[in-house]
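Shown next: protein-v7.txt, containing compact mmCIF, C-alpha atoms.
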```txt
# COMPACT_ATOMS: atom_id res chain seq x y z
CA MET A 249 290.51 302.20 328.53
CA ALA A 250 287.05 302.70 327.02
CA ALA A 251 286.43 301.56 323.47
CA PRO A 252 286.36 304.41 320.93
CA SER A 253 282.95 305.83 320.21
CA THR A 254 281.29 304.84 316.92
CA ALA A 255 278.72 307.64 317.11
CA TRP A 256 280.50 309.77 314.51
CA GLN A 257 281.59 307.08 312.10
CA ASP A 258 280.23 307.20 308.57
CA PRO A 259 277.34 304.83 307.88
CA VAL A 260 278.26 301.57 306.18
CA PRO A 261 276.20 300.86 303.04
CA LEU A 262 274.56 297.48 302.72
CA ALA A 263 276.81 295.05 300.87
CA LEU A 264 275.30 294.07 297.54
CA ASN A 265 276.07 290.41 298.14
CA THR A 266 273.61 290.45 301.05
CA ALA A 267 270.65 291.03 298.72
CA PRO A 268 268.63 287.80 298.40
CA VAL A 269 268.70 287.39 294.62
CA PRO A 270 265.65 285.65 293.06
CA GLU A 271 265.97 281.92 292.40
CA TYR A 272 266.03 282.15 288.63
CA GLY A 273 266.48 278.91 286.71
CA GLY A 274 264.62 276.46 288.91
CA GLY A 275 262.67 278.21 291.64
CA SER A 276 261.10 281.36 290.21
CA LEU A 277 257.87 282.41 288.54
CA ALA A 278 259.65 282.46 285.18
CA ASP A 279 260.26 278.72 285.52
CA LEU A 280 256.65 277.72 286.18
CA LEU A 281 255.05 277.55 282.73
CA PRO A 282 258.15 276.06 281.05
CA THR A 283 257.98 273.30 283.67
CA LEU A 284 254.29 272.63 283.08
CA VAL A 285 254.37 272.58 279.28
CA ALA A 286 257.60 270.58 279.17
CA GLY A 287 255.68 267.92 281.06
CA GLN A 288 253.01 268.09 278.35
CA GLY A 289 255.56 267.54 275.59
CA VAL A 290 255.82 271.11 274.28
CA PRO A 291 259.24 271.87 272.74
CA LEU A 292 260.71 275.11 274.05
CA PRO A 293 263.15 277.27 272.08
CA GLY A 294 266.63 278.03 273.27
CA ALA A 295 267.55 274.72 274.86
CA ALA A 296 270.34 272.61 273.41
CA PRO A 297 269.16 269.34 271.82
CA GLY A 298 268.26 266.93 274.59
CA ALA A 299 268.84 269.49 277.33
CA PRO A 300 265.98 270.30 279.71
CA ALA A 301 264.60 273.81 279.90
CA ALA A 302 264.92 275.70 283.18
CA VAL A 303 262.35 273.89 285.29
CA ILE A 304 261.16 273.62 288.86
CA PRO A 305 262.44 270.12 289.63
CA GLU A 306 259.96 269.42 292.44
CA LEU A 307 256.93 269.48 290.11
CA THR A 308 255.62 266.39 288.35
CA PRO A 309 253.80 266.41 284.98
CA ALA A 310 250.04 266.53 284.49
CA ASP A 311 247.94 266.35 281.33
CA ARG A 312 245.87 269.35 282.38
CA ASN A 313 247.48 272.32 284.13
CA CYS A 314 245.77 275.37 285.62
CA VAL A 315 247.55 278.39 287.11
CA PHE A 316 245.49 280.65 289.39
CA LEU A 317 247.47 283.85 290.02
CA ILE A 318 246.28 286.00 292.92
CA ASP A 319 247.74 289.48 292.59
CA GLY A 320 249.58 290.59 295.72
CA LEU A 321 249.14 287.48 297.87
CA GLY A 322 252.62 286.54 299.04
CA TRP A 323 253.73 283.55 301.07
CA GLN A 324 253.95 285.50 304.31
CA GLN A 325 250.47 286.97 303.94
CA ILE A 326 248.94 283.48 303.85
CA LYS A 327 251.02 282.32 306.82
CA ASP A 328 250.00 285.39 308.83
CA HIS A 329 246.25 284.99 308.21
CA PRO A 330 245.16 281.38 308.77
CA ASP A 331 241.72 282.41 310.03
CA GLU A 332 240.93 284.45 306.92
CA ALA A 333 242.42 281.88 304.51
CA PRO A 334 241.77 278.43 305.97
CA TYR A 335 241.74 276.64 302.62
CA LEU A 336 244.94 278.24 301.31
CA THR A 337 246.58 277.64 304.68
CA SER A 338 245.68 273.96 304.47
CA LEU A 339 247.61 273.79 301.18
CA LEU A 340 250.86 275.36 302.42
CA GLY A 341 252.50 271.95 302.77
CA SER A 342 251.75 271.22 299.10
CA SER A 343 253.73 274.22 297.88
CA ARG A 344 256.53 273.62 295.39
CA GLY A 345 255.80 269.99 294.77
CA GLY A 346 255.08 269.06 298.38
CA THR A 347 258.25 270.53 299.85
CA GLY A 348 256.28 273.20 301.69
CA ARG A 349 258.58 275.88 300.27
CA PRO A 350 257.78 279.06 298.33
CA ILE A 351 259.23 280.26 295.04
CA THR A 352 260.57 283.72 294.20
CA VAL A 353 259.04 286.18 291.75
CA GLY A 354 262.05 287.99 290.28
CA PHE A 355 263.23 291.59 290.54
CA PRO A 356 261.55 293.92 290.82
CA ALA A 357 258.63 292.27 292.62
CA THR A 358 255.94 294.08 290.66
CA THR A 359 252.98 293.07 288.52
CA ALA A 360 254.12 293.99 285.01
CA THR A 361 257.51 292.34 285.50
CA SER A 362 256.08 289.23 287.12
CA LEU A 363 253.29 288.68 284.60
CA ALA A 364 255.81 288.96 281.77
CA SER A 365 258.02 286.42 283.55
CA VAL A 366 255.08 284.05 283.99
CA GLY A 367 253.90 284.32 280.42
CA THR A 368 257.23 284.23 278.59
CA GLY A 369 259.16 281.94 280.89
CA LEU A 370 262.01 284.47 280.81
CA PRO A 371 263.71 286.58 283.51
CA PRO A 372 263.21 290.37 283.41
CA GLY A 373 266.54 291.04 281.72
CA ALA A 374 265.44 288.96 278.75
CA HIS A 375 261.74 289.76 278.36
CA GLY A 376 262.48 293.45 278.86
CA LEU A 377 259.91 294.62 281.43
CA PRO A 378 262.32 295.33 284.30
CA GLY A 379 260.13 297.59 286.42
CA TYR A 380 256.91 299.52 286.94
CA THR A 381 258.24 302.53 285.00
CA VAL A 382 261.49 302.46 283.04
CA ARG A 383 263.22 304.71 280.54
CA ASP A 384 262.70 303.99 276.86
CA PRO A 385 266.20 304.40 275.38
CA ALA A 386 264.68 305.25 272.00
CA THR A 387 262.78 308.30 273.29
CA GLY A 388 264.35 309.12 276.65
CA ALA A 389 260.88 309.15 278.25
CA LEU A 390 259.60 307.04 281.12
CA MET A 391 257.46 304.09 280.01
CA ASN A 392 254.78 302.76 282.37
CA GLN A 393 254.82 299.05 281.59
CA LEU A 394 251.64 298.26 283.53
CA ARG A 395 249.48 300.88 281.79
CA TRP A 396 251.62 300.97 278.61
CA ARG A 397 252.01 304.74 278.54
CA PRO A 398 253.24 306.28 276.35
CA TRP A 399 252.35 303.87 273.60
CA THR A 400 255.09 301.83 271.99
CA ASP A 401 254.89 298.78 269.75
CA PRO A 402 254.36 295.83 272.14
CA HIS A 403 256.20 293.33 269.94
CA VAL A 404 259.22 295.58 269.63
CA TRP A 405 259.30 296.09 273.38
CA GLN A 406 258.87 292.33 274.11
CA PRO A 407 259.61 290.25 270.99
CA TYR A 408 259.43 286.70 272.33
CA PRO A 409 256.44 284.36 271.93
CA THR A 410 254.55 283.58 275.10
CA ILE A 411 254.47 280.05 276.49
CA PHE A 412 250.73 280.11 275.80
CA ARG A 413 251.39 280.66 272.09
CA LEU A 414 253.94 277.85 272.01
CA ALA A 415 251.53 275.52 273.82
CA ASP A 416 248.67 276.40 271.49
CA ALA A 417 250.86 275.78 268.44
CA ALA A 418 251.79 272.37 269.89
CA GLY A 419 248.15 271.33 270.14
CA ILE A 420 247.55 272.07 273.82
CA HIS A 421 244.07 273.46 274.59
CA THR A 422 245.10 276.88 275.89
CA ALA A 423 242.94 279.55 277.55
CA GLN A 424 243.06 282.60 279.78
CA VAL A 425 240.12 283.47 282.04
CA SER A 426 240.25 286.96 283.50
CA SER A 427 238.49 290.30 283.68
CA PRO A 428 237.21 291.53 280.28
CA THR A 429 239.20 294.72 280.96
CA PHE A 430 242.45 292.91 280.26
CA GLU A 431 241.53 291.20 276.99
CA ARG A 432 243.19 293.63 274.58
CA THR A 433 245.78 295.39 276.72
CA PRO A 434 249.37 295.52 275.45
CA LEU A 435 250.59 293.81 278.62
CA THR A 436 248.24 290.89 277.96
CA GLU A 437 249.42 290.76 274.36
CA VAL A 438 253.13 290.53 275.22
CA ALA A 439 252.82 288.38 278.35
CA LEU A 440 249.67 286.28 278.40
CA SER A 441 248.28 285.89 274.88
CA GLY A 442 247.83 282.62 273.03
CA GLY A 443 244.89 280.28 272.67
CA THR A 444 241.59 281.88 273.66
CA PHE A 445 240.79 284.69 276.10
CA HIS A 446 237.54 284.47 278.10
CA GLY A 447 236.44 287.58 279.97
CA ARG A 448 234.26 287.15 283.05
CA LEU A 449 233.42 289.79 285.63
CA SER A 450 232.82 287.82 288.82
CA GLY A 451 235.37 285.63 290.53
CA GLU A 452 232.91 282.75 290.70
CA GLU A 453 232.34 282.86 286.94
CA ARG A 454 236.09 282.80 286.37
CA MET A 455 236.60 279.75 288.57
CA ASP A 456 233.76 277.84 286.94
CA LEU A 457 234.90 278.67 283.42
CA ALA A 458 238.55 277.89 284.21
CA ALA A 459 237.50 274.43 285.34
CA ALA A 460 235.38 273.96 282.20
CA GLN A 461 238.26 275.07 279.96
CA LEU A 462 240.60 272.71 281.76
CA ALA A 463 238.25 269.84 280.91
CA ALA A 464 237.92 270.93 277.26
CA GLY A 465 241.12 269.24 276.08
CA ASP A 466 242.99 266.01 276.72
CA ARG A 467 245.98 268.27 277.30
CA SER A 468 245.11 271.74 278.63
CA LEU A 469 246.85 274.86 279.89
CA VAL A 470 244.56 277.38 281.61
CA TYR A 471 245.45 280.63 283.37
CA THR A 472 243.12 282.63 285.58
CA TYR A 473 243.69 285.77 287.63
CA TYR A 474 242.24 287.84 290.45
CA SER A 475 243.46 291.37 291.24
CA GLU A 476 241.60 292.83 294.20
CA VAL A 477 243.72 291.44 297.03
CA ASP A 478 246.46 293.68 295.64
CA GLY A 479 244.06 296.57 295.04
CA LYS A 480 242.76 296.64 298.59
CA GLY A 481 246.27 296.20 299.99
CA HIS A 482 247.54 299.24 298.12
CA LYS A 483 244.61 301.40 299.15
CA PHE A 484 243.93 300.32 302.73
CA GLY A 485 246.82 298.12 303.82
CA MET A 486 246.79 294.57 305.09
CA ASP A 487 245.71 295.65 308.56
CA SER A 488 242.28 296.55 307.19
CA ASP A 489 238.87 294.91 307.04
CA ALA A 490 238.75 295.56 303.29
CA TRP A 491 241.94 293.57 302.67
CA ARG A 492 240.93 290.75 305.01
CA GLY A 493 237.57 290.56 303.27
CA GLN A 494 239.28 290.10 299.92
CA LEU A 495 241.52 287.39 301.34
CA MET A 496 238.49 285.53 302.68
CA TYR A 497 236.80 285.85 299.29
CA VAL A 498 239.77 284.61 297.27
CA ASP A 499 240.21 281.71 299.68
CA ARG A 500 236.68 280.58 298.78
CA LEU A 501 237.40 281.08 295.08
CA ALA A 502 240.46 278.85 295.25
CA GLN A 503 238.49 276.10 296.94
CA ARG A 504 235.66 276.46 294.41
CA LEU A 505 238.09 275.93 291.54
CA ALA A 506 239.91 273.06 293.23
CA GLU A 507 236.66 271.18 293.84
CA GLN A 508 235.81 271.29 290.12
CA LEU A 509 239.07 269.96 288.68
CA PRO A 510 238.56 267.38 285.94
CA PRO A 511 240.59 264.15 286.04
CA ARG A 512 244.36 264.22 285.41
CA SER A 513 244.60 267.88 286.45
CA ALA A 514 247.03 269.94 288.50
CA LEU A 515 246.05 273.34 289.91
CA TYR A 516 248.82 275.73 290.94
CA ILE A 517 247.90 278.75 293.07
CA THR A 518 250.56 281.44 293.09
CA ALA A 519 251.08 285.22 293.08
CA ASP A 520 253.09 287.95 291.39
CA HIS A 521 254.53 289.48 294.59
CA GLY A 522 253.93 289.94 298.29
CA MET A 523 253.29 293.25 300.02
CA ILE A 524 254.34 295.34 303.00
CA ASP A 525 252.49 298.19 304.74
CA ILE A 526 254.57 301.37 305.05
CA PRO A 527 253.87 303.87 307.87
CA PHE A 528 253.11 307.47 306.99
CA ASP A 529 256.07 309.14 308.68
CA GLU A 530 259.17 310.96 307.48
CA ARG A 531 261.57 308.14 308.28
CA SER A 532 259.52 305.54 306.38
CA ARG A 533 258.62 307.72 303.38
CA ILE A 534 261.48 309.64 301.80
CA ASP A 535 260.12 312.19 299.32
CA PHE A 536 262.42 312.44 296.31
CA ASP A 537 260.62 315.56 295.08
CA GLU A 538 261.51 317.35 298.33
CA ASP A 539 265.07 316.03 298.77
CA TRP A 540 267.69 318.14 297.00
CA GLU A 541 270.48 315.65 297.66
CA LEU A 542 268.70 312.75 295.97
CA ARG A 543 267.55 314.94 293.08
CA ALA A 544 271.03 316.29 292.28
CA GLY A 545 272.18 315.00 288.90
CA VAL A 546 269.05 312.94 288.31
CA ALA A 547 267.24 313.35 284.98
CA LEU A 548 264.45 310.80 285.57
CA LEU A 549 263.17 308.78 288.51
CA GLY A 550 261.64 305.46 287.49
CA GLY A 551 260.52 302.24 289.11
CA GLU A 552 258.40 302.48 292.26
CA GLY A 553 258.85 303.26 295.93
CA ARG A 554 260.70 300.12 296.95
CA ALA A 555 262.53 299.45 293.68
CA ARG A 556 263.83 302.60 292.04
CA HIS A 557 265.48 303.04 288.64
CA VAL A 558 267.48 306.27 288.75
CA TYR A 559 268.54 307.81 285.42
CA ALA A 560 271.35 310.32 285.75
CA VAL A 561 272.15 313.39 283.71
CA PRO A 562 274.89 312.29 281.26
CA GLY A 563 278.23 312.45 283.03
CA ALA A 564 276.73 312.46 286.52
CA GLU A 565 276.27 308.70 286.92
CA ALA A 566 279.13 308.15 289.36
CA ASP A 567 278.16 311.16 291.50
CA VAL A 568 274.52 310.05 291.70
CA LEU A 569 275.59 306.55 292.75
CA THR A 570 277.85 307.99 295.45
CA VAL A 571 275.16 310.29 296.86
CA TRP A 572 272.42 307.65 296.84
CA ARG A 573 274.71 305.24 298.65
CA GLU A 574 275.66 307.85 301.23
CA VAL A 575 272.07 308.94 301.87
CA LEU A 576 270.25 305.61 301.57
CA GLY A 577 272.86 302.88 301.79
CA GLU A 578 271.88 301.66 305.24
CA GLN A 579 268.23 301.22 304.21
CA PHE A 580 268.52 300.26 300.53
CA TRP A 581 270.76 298.05 298.45
CA VAL A 582 272.12 300.68 296.03
CA ALA A 583 273.87 299.43 292.90
CA SER A 584 275.06 300.75 289.59
CA ARG A 585 273.40 299.26 286.53
CA ASP A 586 276.40 297.02 285.85
CA GLU A 587 276.61 295.93 289.48
CA ALA A 588 272.92 295.01 289.59
CA ILE A 589 273.23 293.03 286.37
CA ALA A 590 276.38 291.25 287.53
CA ALA A 591 274.73 290.39 290.85
CA GLY A 592 271.91 288.64 289.00
CA TRP A 593 269.09 290.95 290.06
CA PHE A 594 267.46 290.85 286.62
CA GLY A 595 268.39 287.29 285.69
CA PRO A 596 271.32 284.88 285.60
CA PRO A 597 274.61 286.10 284.10
CA GLY A 598 274.36 286.69 280.38
CA THR A 599 270.58 286.98 280.23
CA VAL A 600 270.22 290.78 280.26
CA GLU A 601 269.88 291.67 276.60
CA GLU A 602 271.34 294.74 274.96
CA ARG A 603 267.89 296.16 274.11
CA VAL A 604 267.01 295.97 277.84
CA HIS A 605 270.30 297.35 279.18
CA GLY A 606 269.33 301.02 278.80
CA ARG A 607 265.91 300.47 280.37
CA ILE A 608 267.60 299.66 283.68
CA GLY A 609 268.55 302.67 285.80
CA ASP A 610 272.07 304.04 285.95
CA VAL A 611 271.50 303.46 289.65
CA VAL A 612 269.13 300.83 291.06
CA ALA A 613 267.90 301.12 294.66
CA ALA A 614 266.09 298.18 296.32
CA ALA A 615 264.63 298.63 299.80
CA HIS A 616 265.96 296.56 302.68
CA ASP A 617 264.08 298.29 305.52
CA ASP A 618 260.38 299.17 305.82
CA VAL A 619 260.86 302.33 303.79
CA VAL A 620 259.92 303.78 300.39
CA ILE A 621 261.12 306.59 298.16
CA THR A 622 258.01 308.49 297.16
CA ALA A 623 257.62 311.31 294.64
CA SER A 624 254.76 313.43 295.95
CA VAL A 625 254.63 315.80 292.96
CA ASN A 626 255.19 313.43 290.05
CA GLU A 627 253.61 310.31 291.58
CA PRO A 628 250.83 311.61 293.84
CA ARG A 629 248.61 308.51 293.65
CA GLU A 630 251.41 306.01 294.18
CA SER A 631 252.84 308.09 297.01
CA GLN A 632 249.62 307.72 299.02
CA MET A 633 249.48 303.92 298.85
CA VAL A 634 249.57 302.05 302.15
CA GLY A 635 250.71 298.65 300.87
CA MET A 636 253.88 298.61 298.76
CA HIS A 637 256.12 296.08 297.02
CA GLY A 638 258.98 295.82 294.55
CA SER A 639 262.15 294.86 296.40
CA MET A 640 263.97 291.63 297.24
CA THR A 641 262.94 291.18 300.86
CA PRO A 642 261.30 287.82 301.63
CA VAL A 643 257.87 289.35 302.26
CA GLU A 644 257.87 290.77 298.70
CA GLN A 645 259.79 288.04 296.86
CA LEU A 646 258.40 284.82 298.25
CA VAL A 647 255.10 283.56 296.84
CA PRO A 648 253.26 280.27 297.20
CA LEU A 649 253.08 277.54 294.61
CA LEU A 650 250.19 275.65 296.18
CA GLU A 651 249.16 272.46 294.41
CA VAL A 652 245.92 270.50 294.10
CA ARG A 653 245.67 267.37 291.93
CA SER A 654 242.75 265.31 290.77
```
As structure tokens, the full file:
Amino acid sequence: MAAPSTAWQDPVPLALNTAPVPEYGGGSLADLLPTLVAGQGVPLPGAAPGAPAAVIPELTPADRNCVFLIDGLGWQQIKDHPDEAPYLTSLLGSSRGGTGRPITVGFPATTATSLASVGTGLPPGAHGLPGYTVRDPATGALMNQLRWRPWTDPHVWQPYPTIFRLADAAGIHTAQVSSPTFERTPLTEVALSGGTFHGRLSGEERMDLAAAQLAAGDRSLVYTYYSEVDGKGHKFGMDSDAWRGQLMYVDRLAQRLAEQLPPRSALYITADHGMIDIPFDERSRIDFDEDWELRAGVALLGGEGRARHVYAVPGAEADVLTVWREVLGEQFWVASRDEAIAAGWFGPPGTVEERVHGRIGDVVAAAHDDVVITASVNEPRESQMVGMHGSMTPVEQLVPLLEVRS
């Protein structure tokens, strides 16, 4: 007798326990700066007397530490492009203290969240920037945490001191070297401020000045940043000459900085997320603004294409969760707020603070497949991007922690 047909069975949603949760507490971006400054003797708040902070155990201390963060350059992108990035490729074996392994960025895998994790040493549920756009419980409006619109008091939104401020107060020579555009932004203030900010336009100037600032103290902590690998990926995709050109350029920048390290230095090259190119077809791009099922009962759509915060009309939370699971559950991990928190998406158990709870969607949808939820009317620019990121897939989550020592 023939086996019964499965053609008409209901789809089975992805089990939430299959989502690869970030490695908070010892293998994530949030653990990097606490590890470095702990090795420089900086006391960190929150740890019990004599207890170590959450650190990346594979790293060893250095007197002078430099972090070079390349926006959008994930682990897989380096592995896939050895010809364009020969220097970075040569360092893959040095990643994560010579283990040759990547670290994770945290959820969602997006710039505002990741930079806050880097700078504060906290997971998203504690620092309070849990997405690209999230609802402000005080106003009910969506808050863009990258562009800081609409305005809200930065130190109310993110009240913790940055690791840079703690290092500076402990006598570490502390500096950030980046584009002048970022000097006075609210995101810089809440995530990356402390010590001195040095604005330089060209990548070469940034590398040279970062090396000089590293040499300026017996104990130093220097951060430098480059954004255009991400910019070209969003606009043109990684299968483009523009993106490959940026990868070739940043590869030379990394080598330029590494060759100028003063004695007793460690350079760590990392990123805030990876990226994936999404085809322009109906299966790969689901338009929320044109989908009546997904819109039903939804008051606000936050997040971004591959990591959505969904805010329901009061009383409709359970119905919205049910519909999103039925429609998207084979392509997205779809969780209620409480389920996502309990699963550790935004940090280890107990780290999601009450002030952050309402910023997280009533429903959270994280892409598993090569698919995005666009919003062609309300997010026209974002909906036309080729390269996307945000979710927990390895290509988005895993980033290098390449190391050069002098």
List as JSON, numbers by chain the protein and nucleic acid residues near Glu627 in chain A, meaning an atom at most 12 Å away when only C-alpha atoms are counted, but skip any in the same chain fewer than 5 places from it.
{"A": [381, 392, 535, 536, 537, 549, 550, 551, 552, 553, 621, 622, 632, 633]}
One decimal, Å: what's the distance from CA of Ser475 in chain A over to CA of Gln424 in chain A, could you say?
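About the pair CA of Ser475 in chain A and CA of Gln424 in chain A: they are 14.4 Å apart.
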With all atoms listed in the file as the counted atoms, please give the residues lying no more than 9 Å from Ala267 in chain A, apart from itself and same-chain residues fewer than 6 positions off, as a PyMOL selection string.
chain A and resi 581+591+593+614+616+640-641
From the list A:Leu307, A:Leu280, A:Val498, A:Ala463, which residue is nearest Glu332 in chain A when using only C-alpha atoms?
A:Val498
Closest to Leu457 in chain A among A:Val546, A:Leu390, A:Val634, A:Leu505, using all atoms listed in the file?
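Using all atoms listed in the file, Leu457 in chain A sits closest to A:Leu505.
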Give me, please, the distance in Å between CA of Tyr473 in chain A and CA of Trp396 in chain A, quoted to one decimal.
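Atom-to-atom, CA of Tyr473 in chain A and CA of Trp396 in chain A are spaced 19.4 Å apart.
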Counting all atoms listed in the file, the residue of A:Gly379, A:Arg492, A:Leu509, A:Leu321 that sits nearest Val612 in chain A:
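Smallest distance to Val612 in chain A is found for A:Gly379.
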Restricting the calculation to all atoms listed in the file, which member of A:Val477, A:Ala360, A:Leu435, A:Val285 is positioned closest to Asp416 in chain A?
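The answer is A:Val285, which sits nearest to Asp416 in chain A.
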Sphere at (253.3, 288.6, 302.6), radius 6 Å, counting all atoms listed in the file: residues as number ranges by chain
A: 322-325, 522-523, 643
CA of Leu576 in chain A and CA of Val625 in chain A, how far apart in Å?
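Taking CA of Val625 in chain A as the start and CA of Leu576 in chain A as the end point, the length is 20.5 Å.
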Of the candidates A:Phe430, A:Trp405, A:Tyr471, A:Tyr516, which shows the shortest atom-to-atom distance to Glu651 in chain A, using all atoms listed in the file?
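For Glu651 in chain A, the nearest of the given residues is A:Tyr516.
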I'd like the neighbourhood of Glu271 in chain A as a VMD selection string, where a residue qualifies if any of its atoms comes within 8 Å (using only C-alpha atoms), though same-chain residues fewer than 4 positions away should be ignored.
chain A and resid 275 to 276 351 to 352 354
Determine, counting only C-alpha atoms, which protein, DNA and RNA residues have an atom within 8 Å of an atom of range 371-377 of chain A; residues of the same chain fewer than 6 positions away are not included. Present the result as a ChimeraX atom specification.
/A:272,278,354-355,360-361,364-365,393,405-408,594-595,599-601,603-605,607
Pick out the residues sitting within 9 Å of Gly348 in chain A, and hand them over as a VMD selection string; count only C-alpha atoms, and ignore anything fewer than 3 positions along from it in its own chain.
chain A and resid 339 to 345 648 to 650
May I ask which of the residues A:Asp499, A:Phe412, A:Leu569, A:Tyr380 is the closest one to Glu630 in chain A, counting all atoms listed in the file?
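Smallest separation from Glu630 in chain A among the options: A:Tyr380.
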What would range 496-507 of chain A look like with N, CA and C atoms in place, written as a short mmCIF file (atom, residue, chain, number, x, y, z; two decimals), in the frame of the given file?
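File selection-v8.cif, as written:
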```
data_model
loop_
_atom_site.label_atom_id
_atom_site.label_comp_id
_atom_site.auth_asym_id
_atom_site.auth_seq_id
_atom_site.Cartn_x
_atom_site.Cartn_y
_atom_site.Cartn_z
N MET A 496 239.51 286.54 302.42
CA MET A 496 238.49 285.53 302.68
C MET A 496 237.77 285.13 301.40
N TYR A 497 237.50 286.11 300.55
CA TYR A 497 236.80 285.85 299.29
C TYR A 497 237.65 285.00 298.36
N VAL A 498 238.93 285.35 298.20
CA VAL A 498 239.77 284.61 297.27
C VAL A 498 240.07 283.22 297.80
N ASP A 499 240.06 283.04 299.11
CA ASP A 499 240.21 281.71 299.68
C ASP A 499 239.06 280.80 299.24
N ARG A 500 237.85 281.34 299.25
CA ARG A 500 236.68 280.58 298.78
C ARG A 500 236.75 280.31 297.28
N LEU A 501 237.26 281.29 296.51
CA LEU A 501 237.40 281.08 295.08
C LEU A 501 238.37 279.94 294.78
N ALA A 502 239.48 279.91 295.48
CA ALA A 502 240.46 278.85 295.25
C ALA A 502 239.86 277.48 295.54
N GLN A 503 239.12 277.38 296.62
CA GLN A 503 238.49 276.10 296.94
C GLN A 503 237.43 275.73 295.91
N ARG A 504 236.68 276.72 295.43
CA ARG A 504 235.66 276.46 294.41
C ARG A 504 236.29 275.87 293.14
N LEU A 505 237.41 276.45 292.72
CA LEU A 505 238.09 275.93 291.54
C LEU A 505 238.65 274.54 291.79
N ALA A 506 239.29 274.35 292.93
CA ALA A 506 239.91 273.06 293.23
C ALA A 506 238.89 271.93 293.26
N GLU A 507 237.68 272.22 293.73
CA GLU A 507 236.66 271.18 293.84
C GLU A 507 236.03 270.82 292.50
#
```
